[in-house]
Amino acid sequence: MSPTPIELKDISKIVRRDVLTMVLEAGSGHLGGSLSAVDLMVALYWDVMRIRPDHPVWEDRDRFVLSKAHAAPALYAVLARRGYYDVKDLLTFRKLKSRLQGFPDMHTTIGIDASVGSPGQGLSIANGIAMAARMDGRQFRVYCLIGDGEAHEGQIWEAAMTAAHHNLDNVCAIIDRNMMMGDGSTEDIVALSPLEDKWRTFNWHVIEVDGHDFERLGSAFSEAASVKGRPTLIHARTVKGKGVPFMEGKPEWHDRKLTEELYEEAMRALG
Ligand SMILES: Cc1ncc(C[n+]2csc(CCOP(=O)(O)OP(=O)(O)O)c2C)c(N)n1
């Protein structure tokens, strides 16, 4: 049975706490964009994707590509809490010889479907996986999480054209629309708005949603799965640093170092 929105919220709180602990322990890592994306990944891994954590390479599993790869702490915490590996492994994040490096590696980390790192590449990878699924006659879906600042990369738009051209209705991209990147507002740096219209013009089915509302996310993903003949973009409005008031909406928390004192304050705020 699927978890309720209240249960999903509780899971997100645990994952956010994990993310803070990992980044404190590592001495570096990207907090703001991990925290904005936690609810999206929790919805996918607990409510939406067909997966078998006890059989991570099951051929018919849905795939997930973390194009905004710097949100790796959130993905690692989600995978650990979902049962892919031990939660205590999270404390090895970014340590030498750890499997949990700063950016996900499909060859060393259980549950990672695509190696990612450089911004802009994930949607192209998702398209390739989706085309292979079609050629093999497999029914699984491919989910790809993109950052809005990341959408400044031209390759995202090449991939958007390609997915629509090939009618890849097994691709669902999610854009984490927190309106921010490390250097400030996406709209000040190179404006993206109206971003939903741009994807529509590229012939994608577009669904707009509050990216922290599990009920709405559930129905958005169901709608996406029912769309035939073209890919879907879930335009998820989110808050950078979500859950930690002193980080929310603050671009400097993209990758700022966390101190013990601020960690304690953040954990108290999360409850
Ligand atoms: C080729 C390349 N371009 C740019 C960067 C720097 N960079 C890394 S992630 C990123 C975008 C961050 O913004 P966003 O995707 O909105 O991240 P979020 O706010 O969701 O964390 C940029 C500009 C890089 N590392 N490599």
# chains A, B, ... in the order shown; residues from 1 in each chain; ligands from 1
>>> select_by_dssp(residues="region 34-235 of chain A", states="alpha helix (DSSP H)", output="ChimeraX atom specification")
/A:34-43,72-81,122-136,154-165,186-189,195-201,214-226
>>> closest_atom_pairs(of="chain A", to="ligand 1", cutoff="8 Å", atoms="only C-alpha atoms and all ligand atoms", output="CSV")
residue,atom,partner,partner_atom_place_in_ligand_line,distance
A:His30,CA,ligand 1,21 (O),7.2
A:Leu31,CA,ligand 1,21 (O),7.9
A:Gly32,CA,ligand 1,21 (O),5.9
A:Gly33,CA,ligand 1,21 (O),3.2
A:Ser34,CA,ligand 1,21 (O),6.6
A:Ser36,CA,ligand 1,20 (O),7.0
A:Ala37,CA,ligand 1,20 (O),7.4
A:Lys68,CA,ligand 1,15 (O),5.8
A:Ala69,CA,ligand 1,9 (S),7.7
A:His70,CA,ligand 1,9 (S),6.6
A:Ala71,CA,ligand 1,21 (O),6.7
A:Gly117,CA,ligand 1,25 (N),7.8
A:Ser118,CA,ligand 1,26 (N),5.2
A:Pro119,CA,ligand 1,2 (C),5.4
A:Gly120,CA,ligand 1,1 (C),7.3
A:Ile146,CA,ligand 1,15 (O),6.6
A:Gly147,CA,ligand 1,15 (O),3.3
A:Asp148,CA,ligand 1,16 (O),4.1
A:Gly149,CA,ligand 1,16 (O),3.3
A:Glu150,CA,ligand 1,15 (O),3.7
A:Ala151,CA,ligand 1,15 (O),6.7
A:His152,CA,ligand 1,11 (C),8.0
A:Glu153,CA,ligand 1,3 (N),7.2
A:Asp176,CA,ligand 1,20 (O),5.9
A:Arg177,CA,ligand 1,16 (O),7.2
A:Asn178,CA,ligand 1,19 (O),6.1
A:Met179,CA,ligand 1,16 (O),6.7
A:Met180,CA,ligand 1,19 (O),4.8
A:Met181,CA,ligand 1,13 (O),3.7
A:Gly182,CA,ligand 1,12 (C),5.9
A:Thr186,CA,ligand 1,16 (O),7.1
A:Lys240,CA,ligand 1,19 (O),6.3
A:Pro251,CA,ligand 1,19 (O),7.7
A:His254,CA,ligand 1,21 (O),6.0
>>> closest_residue(among="A:Ala26, A:Ala80, A:Val48, A:Ala126", to="Leu66 (chain A)", atoms="only C-alpha atoms")
A:Ala126
>>> atom_distance(atom1="CA of Leu24 (chain A)", atom2="CA of Ala43 (chain A)")
25.2 Å
>>> residues_around(residues="Arg230 (chain A)", least_positions_apart="6", cutoff="7 Å", atoms="only C-alpha atoms", output="list in words")
Ala164, Asn167, Leu168, Asp169, Trp204 and His205 of chain A
>>> atom_distance(atom1="CA of Leu258 (chain A)", atom2="CA of Lys13 (chain A)")
18.3 Å
>>> residues_around(residues="Ser12 (chain A)", least_positions_apart="5", cutoff="8 Å", atoms="only C-alpha atoms", output="list in words")
Val38, Asp39 and Val42 of chain A
>>> select_by_dssp(residues="region 5-153 of chain A", states="strand (DSSP E or B)", output="PyMOL selection string")
chain A and resi 63-66+142-147
>>> closest_residue(among="A:Arg216, A:Lys88, A:His235, A:Arg52", to="Arg200 (chain A)", atoms="only C-alpha atoms")
A:His235
>>> residues_around(residues="region 129-132 of chain A", least_positions_apart="3", cutoff="8 Å", atoms="only C-alpha atoms", output="list in words")
Ile125, Ala126, Met135, Asp136, Arg141, Val142, Leu168, Asn170 and Val171 of chain A
>>> atom_distance(atom1="CA of Pro3 (chain A)", atom2="CA of Arg61 (chain A)")
19.2 Å
>>> closest_residue(among="A:Met247, A:Ile112, A:Ala163, A:Leu262", to="Gly229 (chain A)", atoms="only C-alpha atoms")
A:Ala163
>>> closest_residue(among="A:Leu96, A:Ala77, A:Val57, A:Val227", to="Asp113 (chain A)", atoms="only C-alpha atoms")
A:Val57
